[in-house]
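*Asks:* Next up, target14.cif (mmCIF, C-alpha atoms).
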```cif
data_my_file
loop_
_atom_site.label_atom_id
_atom_site.label_comp_id
_atom_site.auth_asym_id
_atom_site.auth_seq_id
_atom_site.Cartn_x
_atom_site.Cartn_y
_atom_site.Cartn_z
CA MET O 6 -31.53 15.16 -74.09
CA ASP O 7 -30.14 17.37 -71.36
CA SER O 8 -27.16 19.35 -72.66
CA ALA O 9 -24.96 18.53 -69.66
CA LEU O 10 -25.73 14.83 -70.03
CA ALA O 11 -24.89 15.00 -73.74
CA TRP O 12 -21.54 16.60 -72.90
CA GLN O 13 -20.73 13.93 -70.29
CA LEU O 14 -21.72 11.10 -72.61
CA SER O 15 -19.75 12.63 -75.46
CA ARG O 16 -16.63 12.75 -73.33
CA ALA O 17 -17.19 9.15 -72.23
CA THR O 18 -17.69 7.88 -75.78
CA GLY O 19 -14.65 9.85 -76.93
CA PHE O 20 -12.41 8.22 -74.35
CA THR O 21 -13.93 4.81 -75.04
CA ALA O 22 -13.36 5.28 -78.78
CA PHE O 23 -9.72 6.11 -78.07
CA VAL O 24 -9.32 2.97 -75.96
CA ALA O 25 -10.93 0.86 -78.71
CA LEU O 26 -8.63 2.42 -81.32
CA ALA O 27 -5.61 1.84 -79.09
CA LEU O 28 -6.59 -1.80 -78.60
CA ASP O 29 -7.07 -2.18 -82.35
CA VAL O 30 -3.65 -0.70 -83.17
CA THR O 31 -2.04 -2.76 -80.41
CA LEU O 32 -3.65 -5.93 -81.72
CA GLY O 33 -2.50 -5.11 -85.25
CA LEU O 34 1.06 -4.75 -83.99
CA LEU O 35 0.82 -7.97 -82.00
CA MET O 36 -0.29 -9.75 -85.17
CA SER O 37 2.32 -8.17 -87.44
CA THR O 38 5.16 -8.93 -85.03
CA ARG O 39 3.69 -12.30 -84.05
CA ALA O 40 4.24 -11.22 -80.45
CA GLY O 41 0.63 -12.04 -79.64
CA ALA O 42 0.77 -15.61 -80.94
CA ARG O 43 1.14 -17.07 -77.46
CA LEU O 44 -1.70 -14.97 -76.05
CA ILE O 45 -4.49 -15.48 -78.58
CA PRO O 46 -4.73 -17.83 -81.58
CA ARG O 47 -4.22 -16.02 -84.90
CA ALA O 48 -7.79 -16.54 -86.14
CA GLN O 49 -9.18 -15.03 -82.95
CA GLN O 50 -6.76 -12.11 -83.25
CA VAL O 51 -8.04 -11.39 -86.76
CA ASP O 52 -11.67 -11.67 -85.62
CA LEU O 53 -11.05 -9.35 -82.68
CA HIS O 54 -9.17 -6.88 -84.90
CA ARG O 55 -12.08 -6.84 -87.36
CA TRP O 56 -14.54 -6.35 -84.49
CA LEU O 57 -12.63 -3.49 -82.86
CA SER O 58 -12.49 -1.44 -86.04
CA PRO O 59 -16.26 -0.95 -86.51
CA LEU O 60 -16.67 -0.62 -82.74
CA THR O 61 -14.21 2.26 -82.78
CA LEU O 62 -16.07 3.91 -85.65
CA ALA O 63 -19.43 3.49 -83.91
CA LEU O 64 -18.04 5.08 -80.75
CA VAL O 65 -16.56 7.96 -82.75
CA ALA O 66 -19.94 8.49 -84.45
CA GLY O 67 -21.63 8.44 -81.05
CA HIS O 68 -19.09 10.96 -79.75
CA ALA O 69 -19.84 13.32 -82.64
CA LEU O 70 -23.62 12.89 -82.48
CA LEU O 71 -23.65 13.56 -78.76
CA LEU O 72 -21.74 16.80 -79.37
CA LEU O 73 -24.64 17.85 -81.58
CA ALA O 74 -27.01 17.37 -78.63
CA ASP O 75 -24.95 19.63 -76.37
CA ASP O 76 -26.12 23.20 -76.83
CA TYR O 77 -23.44 24.84 -74.67
CA ILE O 78 -20.92 25.21 -77.49
CA GLY O 79 -23.43 24.64 -80.26
CA PHE O 80 -21.71 22.18 -82.56
CA ASP O 81 -23.49 21.58 -85.84
CA LEU O 82 -23.05 18.93 -88.51
CA VAL O 83 -20.41 20.94 -90.36
CA ASP O 84 -18.41 21.34 -87.14
CA VAL O 85 -18.19 17.58 -86.57
CA LEU O 86 -17.67 16.61 -90.23
CA VAL O 87 -15.36 19.30 -91.60
CA PRO O 88 -11.86 19.52 -90.14
CA PHE O 89 -11.03 22.83 -88.42
CA ALA O 90 -14.58 24.22 -88.78
CA ALA O 91 -15.61 23.84 -85.13
CA PRO O 92 -16.15 26.91 -82.96
CA TYR O 93 -14.46 25.20 -79.99
CA ARG O 94 -10.70 24.66 -80.28
CA PRO O 95 -10.89 24.30 -84.08
CA PHE O 96 -7.38 22.89 -84.54
CA ALA O 97 -7.79 20.26 -81.84
CA VAL O 98 -11.27 19.26 -83.02
CA GLY O 99 -10.04 19.23 -86.62
CA ILE O 100 -7.33 16.75 -85.72
CA GLY O 101 -10.03 14.53 -84.22
CA VAL O 102 -12.12 14.75 -87.38
CA ILE O 103 -9.09 13.78 -89.46
CA ALA O 104 -8.38 10.86 -87.11
CA ALA O 105 -11.96 9.67 -87.60
CA TYR O 106 -11.69 9.84 -91.39
CA LEU O 107 -8.39 7.97 -91.32
CA ALA O 108 -9.94 5.26 -89.14
CA LEU O 109 -12.81 5.00 -91.63
CA VAL O 110 -10.45 4.67 -94.62
CA ILE O 111 -8.45 1.99 -92.83
CA HIS O 112 -11.62 0.12 -91.93
CA LEU O 113 -12.93 0.27 -95.49
CA SER O 114 -9.59 -1.02 -96.78
CA PHE O 115 -10.27 -4.39 -95.09
CA GLY O 116 -12.88 -5.21 -97.70
CA LEU O 117 -10.75 -3.90 -100.55
CA ARG O 118 -7.52 -5.72 -99.70
CA LYS O 119 -7.61 -8.03 -102.73
CA ARG O 120 -8.46 -5.20 -105.13
CA LEU O 121 -5.84 -2.87 -103.67
CA GLY O 122 -3.11 -5.45 -103.49
CA THR O 123 -1.13 -6.21 -100.38
CA PRO O 124 1.54 -3.47 -100.77
CA LEU O 125 -1.00 -0.64 -101.09
CA TRP O 126 -3.21 -2.16 -98.41
CA ARG O 127 -0.24 -2.28 -96.00
CA ARG O 128 0.61 1.36 -96.74
CA LEU O 129 -3.01 2.34 -96.08
CA HIS O 130 -2.92 0.30 -92.90
CA GLY O 131 0.15 2.27 -91.86
CA LEU O 132 -2.18 5.25 -91.54
CA SER O 133 -3.48 3.61 -88.36
CA PHE O 134 -0.47 5.07 -86.56
CA VAL O 135 -1.32 8.53 -87.87
CA ALA O 136 -4.96 8.06 -86.81
CA PHE O 137 -3.88 6.93 -83.35
CA ILE O 138 -1.46 9.85 -82.87
CA ALA O 139 -4.09 12.29 -84.16
CA ALA O 140 -6.70 10.85 -81.78
CA ALA O 141 -4.28 11.17 -78.85
CA ALA O 142 -3.48 14.76 -79.85
CA HIS O 143 -7.21 15.48 -80.16
CA ILE O 144 -7.83 14.33 -76.60
CA LEU O 145 -4.83 16.19 -75.21
CA LEU O 146 -5.68 19.44 -77.01
CA ALA O 147 -9.49 19.41 -76.97
CA GLY O 148 -10.39 17.23 -74.02
CA THR O 149 -11.62 19.04 -70.95
CA ASP O 150 -10.36 16.14 -68.83
CA ALA O 151 -6.99 15.80 -70.57
CA SER O 152 -4.93 17.07 -67.65
CA SER O 153 -6.55 14.89 -65.00
CA PRO O 154 -4.43 11.95 -63.76
CA TRP O 155 -6.90 9.28 -64.88
CA ALA O 156 -7.15 10.77 -68.38
CA LEU O 157 -3.38 11.06 -68.70
CA ALA O 158 -3.11 7.39 -67.75
CA VAL O 159 -5.74 6.42 -70.35
CA ILE O 160 -3.80 8.38 -72.97
CA THR O 161 -0.19 7.60 -72.08
CA LEU O 162 -0.45 3.88 -71.33
CA PRO O 163 -1.54 2.97 -74.89
CA ILE O 164 1.02 5.40 -76.32
CA ASP O 165 3.77 3.64 -74.36
CA VAL O 166 2.58 0.15 -75.32
CA ILE O 167 2.23 1.04 -79.01
CA ALA O 168 5.58 2.85 -79.09
CA GLY O 169 7.23 -0.19 -77.51
CA LEU O 170 5.64 -2.52 -80.05
CA VAL O 171 6.70 -0.25 -82.93
CA VAL O 172 10.29 -0.31 -81.67
CA TYR O 173 10.07 -4.09 -81.30
CA ARG O 174 8.75 -4.38 -84.85
CA LEU O 175 11.51 -2.16 -86.23
CA VAL O 176 14.22 -4.09 -84.39
CA ARG O 177 12.71 -7.45 -85.38
CA HIS O 178 12.70 -6.47 -89.05
CA GLY O 179 16.17 -4.93 -88.88
CA LEU O 180 14.99 -1.37 -89.54
CA ALA O 181 16.39 0.18 -86.35
CA ALA O 182 20.04 0.78 -85.57
#
```
Show this structure as structure tokens.

*Replies:*
Amino acid sequence: MDSALAWQLSRATGFTAFVALALDVTLGLLMSTRAGARLIPRAQQVDLHRWLSPLTLALVAGHALLLLADDYIGFDLVDVLVPFAAPYRPFAVGIGVIAAYLALVIHLSFGLRKRLGTPLWRRLHGLSFVAFIAAAAHILLAGTDASSPWALAVITLPIDVIAGLVVYRLVRHGLAA
């Protein structure tokens, strides 16, 4: 594959993975607050939530694999699997690697919910906010498009929606002043 094409496709899959993650977190908040009940029936919300999670992971894997095909920076397997090992913006890339691992743990917890018990499963699921924030930071700090208006819109719109839903959830459950 042409190195420039690999770089372009990697950027595209990275942004698409972020959008899928943002939709997944948003849907989770809509379900937990019941704010989405009028939009989509609960069973369809659960199905969509379970579909978005592996889609996000597949896009993240594609993003990483495409980086391996780009020879400009020369990422290798260690660079895309080990946090902070990358030669390009190691902190920013490391945050992205951590976000990917968190998303994987959260996804795997779906199948372990009964074994883990609901309280632990919910705490693990709370890591989705950390994964989302880490993914947003990864794009802002490592993304070559991060300062362009379209990229800022793709990043900030989900942040605003999710922040609003978190505030709504806190107020609804009496946890905010």

*Asks:* Rank nothing, just name the residue among O:Leu44, O:Ala63, O:Val98, O:Thr149 nearest to Trp12 of chain O, using all atoms listed in the file.

*Replies:*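 Checking each of O:Leu44, O:Ala63, O:Val98, O:Thr149 against Trp12 of chain O, counting all atoms listed in the file, the winner is O:Thr149.
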
*Asks:* For this file, the PyMOL selection byres ((chain O and resi 19-30) around 7) selects which residues, as a JSON list (two decimals) with C-alpha atoms, in the coordinates of the input?

*Replies:*
```
[["chain", "number", "residue", "atom", "x", "y", "z"],
["O", 15, "SER", "CA", -19.75, 12.63, -75.46],
["O", 16, "ARG", "CA", -16.63, 12.75, -73.33],
["O", 17, "ALA", "CA", -17.19, 9.15, -72.23],
["O", 18, "THR", "CA", -17.69, 7.88, -75.78],
["O", 31, "THR", "CA", -2.04, -2.76, -80.41],
["O", 32, "LEU", "CA", -3.65, -5.93, -81.72],
["O", 33, "GLY", "CA", -2.50, -5.11, -85.25],
["O", 34, "LEU", "CA", 1.06, -4.75, -83.99],
["O", 54, "HIS", "CA", -9.17, -6.88, -84.90],
["O", 57, "LEU", "CA", -12.63, -3.49, -82.86],
["O", 58, "SER", "CA", -12.49, -1.44, -86.04],
["O", 61, "THR", "CA", -14.21, 2.26, -82.78],
["O", 64, "LEU", "CA", -18.04, 5.08, -80.75],
["O", 65, "VAL", "CA", -16.56, 7.96, -82.75],
["O", 68, "HIS", "CA", -19.09, 10.96, -79.75],
["O", 133, "SER", "CA", -3.48, 3.61, -88.36],
["O", 137, "PHE", "CA", -3.88, 6.93, -83.35],
["O", 140, "ALA", "CA", -6.70, 10.85, -81.78],
["O", 163, "PRO", "CA", -1.54, 2.97, -74.89]]
```

*Asks:* I'd like to know which of O:Ile111, O:Ala104, O:Ile45, O:Ala91 is closest to Pro59 of chain O, using only C-alpha atoms.

*Replies:* O:Ile111

*Asks:* What does the PyMOL selection byres ((chain O and resi 96) around 12) select in this file, as a PyMOL selection string?

*Replies:* chain O and resi 84+87-95+97-103+139+142-147

*Asks:* Could you list, as a PyMOL selection string, every residue within 8 Å of Leu170 of chain O, counting only C-alpha atoms and ignoring same-chain residues fewer than 3 positions away?

*Replies:* chain O and resi 31+34-35+166-167+173-174

*Asks:* Would you save the residues from that selection as a PDB file, in the frame of the given file, using C-alpha atoms?

*Replies:*
```pdb
ATOM      1  CA  THR O  31      -2.040  -2.760 -80.410  1.00  0.00           C
ATOM      2  CA  LEU O  34       1.060  -4.750 -83.990  1.00  0.00           C
ATOM      3  CA  LEU O  35       0.820  -7.970 -82.000  1.00  0.00           C
ATOM      4  CA  VAL O 166       2.580   0.150 -75.320  1.00  0.00           C
ATOM      5  CA  ILE O 167       2.230   1.040 -79.010  1.00  0.00           C
ATOM      6  CA  TYR O 173      10.070  -4.090 -81.300  1.00  0.00           C
ATOM      7  CA  ARG O 174       8.750  -4.380 -84.850  1.00  0.00           C
TER       8      ARG O 174
END
```

*Asks:* Record the distance separating atom CA of Ala158 of chain O and atom CA of Arg177 of chain O, expressed in Å with one decimal.

*Replies:* 28.0 Å

*Asks:* Residues near Met6 of chain O, anyone? I mean within 9 Å using all atoms listed in the file, not counting same-chain ones fewer than 4 positions away, as a PDB file with C-alpha atoms, keeping the file's coordinate frame.

*Replies:*
```
ATOM      1  CA  LEU O  10     -25.730  14.830 -70.030  1.00  0.00           C
ATOM      2  CA  ALA O  11     -24.890  15.000 -73.740  1.00  0.00           C
ATOM      3  CA  ALA O  74     -27.010  17.370 -78.630  1.00  0.00           C
ATOM      4  CA  ASP O  75     -24.950  19.630 -76.370  1.00  0.00           C
TER       5      ASP O  75
END
```

*Asks:* Rounded to one decimal in Å, what is the spacing between atom CA of Leu14 of chain O and atom CA of Ala69 of chain O?

*Replies:*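 Here the two named atoms are 10.4 Å from each other.
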
*Asks:* Within 10 Å of Arg55 of chain O, counting all atoms listed in the file, which residues qualify if same-chain residues fewer than 5 places away don't, as a ChimeraX atom specification?

*Replies:* /O:29,33,49-50,60,112,115

*Asks:* Which residue gives the smallest distance to Gly169 of chain O among O:Leu113, O:Val135, O:Ala40, O:Ala151, with only C-alpha atoms counted?

*Replies:*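 Smallest distance to Gly169 of chain O is found for O:Ala40.
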
*Asks:* Calculate how many Å separate atom CA of Tyr106 of chain O from atom CA of Val85 of chain O, rounding to one decimal.

*Replies:*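 Those two atoms sit 11.2 Å apart.
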